[in-house]
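Note sheet for the following structure.
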Amino acid sequence: MITNKAQVDRLKNQYPSGTRIELLSSMNDIQPIESGSKGTVIAVDDIGTIHMRWDNGRGLGLIPGEDHFKVISTP
(Lines give C-alpha, C1' and ligand atoms only; values in the text may rest on other atoms or scores of the structure.)
Protein backbone atom coordinates (compact mmCIF):
# COMPACT_ATOMS: atom_id res chain seq x y z
CA MET A 1 0.00 0.00 0.00
CA ILE A 2 1.29 3.45 -0.95
CA THR A 3 0.02 6.41 1.04
CA ASN A 4 2.24 9.18 -0.33
CA LYS A 5 0.13 11.32 -2.69
CA ALA A 6 3.08 12.11 -4.96
CA GLN A 7 3.83 8.38 -5.40
CA VAL A 8 0.16 7.63 -6.14
CA ASP A 9 -0.01 10.49 -8.66
CA ARG A 10 3.13 9.12 -10.37
CA LEU A 11 1.50 5.67 -10.64
CA LYS A 12 -1.69 7.19 -12.06
CA ASN A 13 0.38 8.95 -14.75
CA GLN A 14 2.52 5.87 -15.41
CA TYR A 15 -0.43 3.45 -15.71
CA PRO A 16 -3.38 5.34 -17.23
CA SER A 17 -6.64 3.58 -17.98
CA GLY A 18 -6.25 1.44 -21.10
CA THR A 19 -2.61 0.49 -20.46
CA ARG A 20 -1.96 -3.15 -21.33
CA ILE A 21 0.06 -5.16 -18.81
CA GLU A 22 1.55 -8.66 -18.68
CA LEU A 23 2.00 -10.38 -15.31
CA LEU A 24 5.55 -11.72 -14.89
CA SER A 25 5.19 -13.60 -11.61
CA SER A 26 2.33 -14.98 -9.55
CA MET A 27 0.68 -12.69 -7.09
CA ASN A 28 0.41 -13.42 -3.39
CA ASP A 29 -3.26 -14.46 -3.52
CA ILE A 30 -5.22 -17.58 -2.65
CA GLN A 31 -6.33 -17.81 -6.30
CA PRO A 32 -3.53 -16.03 -8.19
CA ILE A 33 -3.57 -14.89 -11.78
CA GLU A 34 -1.23 -17.08 -13.88
CA SER A 35 2.15 -15.70 -14.90
CA GLY A 36 2.03 -14.54 -18.51
CA SER A 37 -1.58 -13.36 -18.20
CA LYS A 38 -2.41 -10.09 -19.92
CA GLY A 39 -4.91 -7.44 -18.97
CA THR A 40 -5.97 -3.80 -19.19
CA VAL A 41 -5.69 -1.14 -16.50
CA ILE A 42 -9.05 0.18 -15.35
CA ALA A 43 -7.72 2.71 -12.83
CA VAL A 44 -5.19 3.35 -10.07
CA ASP A 45 -6.82 4.01 -6.70
CA ASP A 46 -5.73 6.41 -3.96
CA ILE A 47 -3.59 3.79 -2.20
CA GLY A 48 -1.70 2.84 -5.38
CA THR A 49 -3.45 -0.41 -6.33
CA ILE A 50 -3.62 -0.85 -10.11
CA HIS A 51 -7.09 -2.20 -10.83
CA MET A 52 -7.11 -4.58 -13.77
CA ARG A 53 -9.50 -6.28 -16.15
CA TRP A 54 -7.60 -9.45 -17.00
CA ASP A 55 -8.23 -11.09 -20.38
CA ASN A 56 -9.34 -14.24 -18.54
CA GLY A 57 -12.23 -12.29 -16.96
CA ARG A 58 -10.72 -11.85 -13.49
CA GLY A 59 -10.42 -8.50 -11.77
CA LEU A 60 -7.58 -8.87 -9.26
CA GLY A 61 -5.51 -5.68 -8.80
CA LEU A 62 -1.74 -5.26 -8.93
CA ILE A 63 0.34 -3.90 -6.07
CA PRO A 64 3.51 -2.19 -7.32
CA GLY A 65 6.57 -3.47 -5.47
CA GLU A 66 4.86 -6.77 -4.59
CA ASP A 67 3.61 -7.93 -7.98
CA HIS A 68 5.97 -8.18 -10.95
CA PHE A 69 4.62 -7.04 -14.31
CA LYS A 70 5.53 -5.16 -17.47
CA VAL A 71 3.72 -2.70 -19.69
CA ILE A 72 2.89 -4.10 -23.12
CA SER A 73 1.33 -0.92 -24.54
CA THR A 74 -0.10 2.42 -23.48
CA PRO A 75 -3.24 4.14 -24.77
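In the C-alpha coordinates, the first chain shown is A, the next is B, and so on; residue numbers restart at 1 for each chain, and ligands run from 1 in the order shown.
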Close residues, Arg20 (chain A) itself excluded, 7 Å, only C-alpha atoms, min 2 positions apart in chain, as an mmCIF file with N, CA and C atoms, in the first residue's frame:
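The result, written out as around_14.cif:
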data_model
loop_
_atom_site.group_PDB
_atom_site.id
_atom_site.type_symbol
_atom_site.label_atom_id
_atom_site.label_comp_id
_atom_site.auth_asym_id
_atom_site.auth_seq_id
_atom_site.Cartn_x
_atom_site.Cartn_y
_atom_site.Cartn_z
ATOM 1 N N GLY A 18 -6.489 1.927 -19.743
ATOM 2 C CA GLY A 18 -6.251 1.441 -21.102
ATOM 3 C C GLY A 18 -4.867 0.864 -21.314
ATOM 4 N N GLY A 39 -3.702 -8.143 -19.338
ATOM 5 C CA GLY A 39 -4.913 -7.436 -18.974
ATOM 6 C C GLY A 39 -4.786 -5.949 -19.239
ATOM 7 N N THR A 40 -5.877 -5.235 -18.930
ATOM 8 C CA THR A 40 -5.971 -3.805 -19.190
ATOM 9 C C THR A 40 -6.220 -3.063 -17.884
ATOM 10 N N VAL A 41 -5.494 -1.976 -17.686
ATOM 11 C CA VAL A 41 -5.686 -1.141 -16.499
ATOM 12 C C VAL A 41 -7.045 -0.454 -16.583
ATOM 13 N N VAL A 71 4.662 -3.377 -18.793
ATOM 14 C CA VAL A 71 3.719 -2.700 -19.692
ATOM 15 C C VAL A 71 3.933 -3.243 -21.090
ATOM 16 N N ILE A 72 2.848 -3.629 -21.724
ATOM 17 C CA ILE A 72 2.889 -4.102 -23.119
ATOM 18 C C ILE A 72 2.658 -2.931 -24.053
ATOM 19 N N SER A 73 1.648 -2.089 -23.718
ATOM 20 C CA SER A 73 1.333 -0.924 -24.541
ATOM 21 C C SER A 73 0.591 0.107 -23.702
ATOM 22 N N THR A 74 0.629 1.342 -24.159
ATOM 23 C CA THR A 74 -0.103 2.418 -23.482
ATOM 24 C C THR A 74 -1.132 2.991 -24.446
#
Run DSSP on the backbone and give me the residues of chain A it puts in alpha helix (DSSP H), as JSON, numbers by chain.
{"A": [5, 6, 7, 8, 9, 10, 11, 12, 13, 14]}
Could you check the closest approach to Asp29 (chain A) for each of A:Ile50, A:Glu66, A:Tyr15, A:Val8 and tell me which residue wins, using only C-alpha atoms?
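Of all the options, A:Glu66 lies closest to Asp29 (chain A).
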Could you tell me, as number ranges by chain, which residues of chain A DSSP assigns to strand (DSSP E or B) when given the backbone?
A: 20-23, 38-44, 50-54, 62, 64, 67, 69-73
In Å, rounded to a single decimal, give me how far CA of Trp54 (chain A) is from CA of Gln14 (chain A).
18.4 Å
How far is it from CA of Ser35 (chain A) to CA of Leu23 (chain A), in Å with one decimal?
5.3 Å
Taking 2 positions as the minimum chain separation for residues in the same chain, which residues sit within 10 Å of Leu11 (chain A) when counting only C-alpha atoms? Answer as a list of chain:residue names.
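My list of contacting residues is A:Ile2, A:Lys5, A:Ala6, A:Gln7, A:Val8, A:Asp9, A:Asn13, A:Gln14, A:Tyr15, A:Pro16, A:Ala43, A:Val44, A:Asp45, A:Asp46, A:Gly48, A:Thr49, A:Ile50, A:Pro64.
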Would you save the residues from that selection as a short mmCIF file (atom, residue, chain, number, x, y, z; two decimals), in the first residue's frame, using all heavy atoms?
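Output file out12.cif is given in full below:
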data_model
loop_
_atom_site.label_atom_id
_atom_site.label_comp_id
_atom_site.auth_asym_id
_atom_site.auth_seq_id
_atom_site.Cartn_x
_atom_site.Cartn_y
_atom_site.Cartn_z
N ILE A 2 0.56 2.19 -0.86
CA ILE A 2 1.29 3.45 -0.95
C ILE A 2 0.37 4.55 -0.43
O ILE A 2 -0.77 4.67 -0.88
CB ILE A 2 1.70 3.74 -2.41
CG1 ILE A 2 2.64 2.64 -2.92
CG2 ILE A 2 2.36 5.10 -2.53
CD1 ILE A 2 2.95 2.73 -4.38
N LYS A 5 0.90 10.82 -1.55
CA LYS A 5 0.13 11.32 -2.69
C LYS A 5 0.98 11.48 -3.94
O LYS A 5 0.53 11.16 -5.04
CB LYS A 5 -0.55 12.64 -2.33
CG LYS A 5 -1.42 13.17 -3.46
CD LYS A 5 -2.19 14.38 -3.07
CE LYS A 5 -2.96 15.04 -4.17
NZ LYS A 5 -3.12 14.41 -5.42
N ALA A 6 2.21 11.94 -3.79
CA ALA A 6 3.08 12.11 -4.96
C ALA A 6 3.37 10.77 -5.63
O ALA A 6 3.38 10.67 -6.86
CB ALA A 6 4.39 12.79 -4.54
N GLN A 7 3.59 9.71 -4.83
CA GLN A 7 3.83 8.38 -5.40
C GLN A 7 2.58 7.87 -6.12
O GLN A 7 2.67 7.29 -7.20
CB GLN A 7 4.22 7.40 -4.31
CG GLN A 7 5.60 7.63 -3.74
CD GLN A 7 5.89 6.71 -2.58
OE1 GLN A 7 5.05 6.50 -1.70
NE2 GLN A 7 7.09 6.16 -2.56
N VAL A 8 1.41 8.07 -5.52
CA VAL A 8 0.16 7.63 -6.14
C VAL A 8 -0.08 8.38 -7.44
O VAL A 8 -0.43 7.78 -8.47
CB VAL A 8 -1.04 7.79 -5.17
CG1 VAL A 8 -2.36 7.55 -5.89
CG2 VAL A 8 -0.90 6.84 -3.99
N ASP A 9 0.16 9.70 -7.44
CA ASP A 9 -0.01 10.49 -8.66
C ASP A 9 0.93 10.01 -9.76
O ASP A 9 0.55 9.94 -10.93
CB ASP A 9 0.21 11.97 -8.38
CG ASP A 9 -0.91 12.60 -7.57
OD1 ASP A 9 -2.01 11.99 -7.48
OD2 ASP A 9 -0.69 13.70 -7.01
N ASN A 13 -0.15 8.47 -13.47
CA ASN A 13 0.38 8.95 -14.75
C ASN A 13 1.09 7.84 -15.52
O ASN A 13 1.05 7.80 -16.74
CB ASN A 13 1.34 10.12 -14.52
CG ASN A 13 0.62 11.38 -14.12
OD1 ASN A 13 -0.51 11.61 -14.53
ND2 ASN A 13 1.26 12.19 -13.31
N GLN A 14 1.75 6.95 -14.79
CA GLN A 14 2.52 5.87 -15.41
C GLN A 14 1.62 4.77 -15.97
O GLN A 14 1.97 4.13 -16.96
CB GLN A 14 3.48 5.29 -14.37
CG GLN A 14 4.49 4.33 -14.92
CD GLN A 14 5.51 3.93 -13.85
OE1 GLN A 14 5.47 4.35 -12.70
NE2 GLN A 14 6.44 3.09 -14.25
N TYR A 15 0.47 4.53 -15.31
CA TYR A 15 -0.43 3.45 -15.71
C TYR A 15 -1.84 3.98 -15.93
O TYR A 15 -2.77 3.66 -15.20
CB TYR A 15 -0.45 2.34 -14.64
CG TYR A 15 0.92 1.79 -14.33
CD1 TYR A 15 1.56 2.09 -13.13
CD2 TYR A 15 1.59 0.99 -15.25
CE1 TYR A 15 2.82 1.60 -12.84
CE2 TYR A 15 2.86 0.50 -14.97
CZ TYR A 15 3.47 0.80 -13.77
OH TYR A 15 4.72 0.32 -13.49
N PRO A 16 -2.04 4.81 -16.98
CA PRO A 16 -3.38 5.34 -17.23
C PRO A 16 -4.34 4.24 -17.68
O PRO A 16 -3.91 3.17 -18.15
CB PRO A 16 -3.15 6.36 -18.34
CG PRO A 16 -1.92 5.89 -19.06
CD PRO A 16 -1.07 5.26 -17.98
N ALA A 43 -8.02 1.50 -13.58
CA ALA A 43 -7.72 2.71 -12.83
C ALA A 43 -6.67 2.40 -11.77
O ALA A 43 -6.42 1.24 -11.45
CB ALA A 43 -8.98 3.24 -12.15
N VAL A 44 -6.06 3.46 -11.23
CA VAL A 44 -5.19 3.35 -10.07
C VAL A 44 -5.91 4.08 -8.93
O VAL A 44 -6.32 5.23 -9.09
CB VAL A 44 -3.81 4.00 -10.32
CG1 VAL A 44 -2.95 3.95 -9.07
CG2 VAL A 44 -3.10 3.31 -11.48
N ASP A 45 -6.09 3.38 -7.80
CA ASP A 45 -6.82 4.01 -6.70
C ASP A 45 -5.90 4.86 -5.83
O ASP A 45 -4.71 4.98 -6.10
CB ASP A 45 -7.61 2.98 -5.88
CG ASP A 45 -6.74 2.01 -5.11
OD1 ASP A 45 -5.55 2.29 -4.87
OD2 ASP A 45 -7.27 0.94 -4.73
N ASP A 46 -6.47 5.47 -4.79
CA ASP A 46 -5.73 6.41 -3.96
C ASP A 46 -4.73 5.78 -3.01
O ASP A 46 -4.03 6.49 -2.29
CB ASP A 46 -6.71 7.30 -3.18
CG ASP A 46 -7.45 8.26 -4.09
OD1 ASP A 46 -6.93 8.56 -5.19
OD2 ASP A 46 -8.54 8.73 -3.72
N GLY A 48 -2.69 3.32 -4.43
CA GLY A 48 -1.70 2.84 -5.38
C GLY A 48 -1.96 1.46 -5.96
O GLY A 48 -1.11 0.94 -6.66
N THR A 49 -3.13 0.87 -5.71
CA THR A 49 -3.45 -0.41 -6.33
C THR A 49 -3.85 -0.16 -7.78
O THR A 49 -4.66 0.72 -8.07
CB THR A 49 -4.62 -1.11 -5.60
OG1 THR A 49 -4.24 -1.32 -4.24
CG2 THR A 49 -4.96 -2.45 -6.25
N ILE A 50 -3.28 -0.95 -8.68
CA ILE A 50 -3.62 -0.85 -10.11
C ILE A 50 -4.74 -1.85 -10.37
O ILE A 50 -4.52 -3.06 -10.35
CB ILE A 50 -2.39 -1.16 -10.99
CG1 ILE A 50 -1.24 -0.21 -10.65
CG2 ILE A 50 -2.77 -1.06 -12.47
CD1 ILE A 50 0.09 -0.59 -11.28
N PRO A 64 2.13 -2.47 -6.93
CA PRO A 64 3.51 -2.19 -7.32
C PRO A 64 4.47 -2.47 -6.17
O PRO A 64 4.19 -2.15 -5.02
CB PRO A 64 3.48 -0.69 -7.66
CG PRO A 64 2.06 -0.42 -8.02
CD PRO A 64 1.25 -1.31 -7.12
#
Residue contacts of Ser26 (chain A) (9 Å, only C-alpha atoms) excluding same-chain residues fewer than 2 positions away, as an MDAnalysis selection string
chainID A and resid 23:24 28:29 32:36 67:68
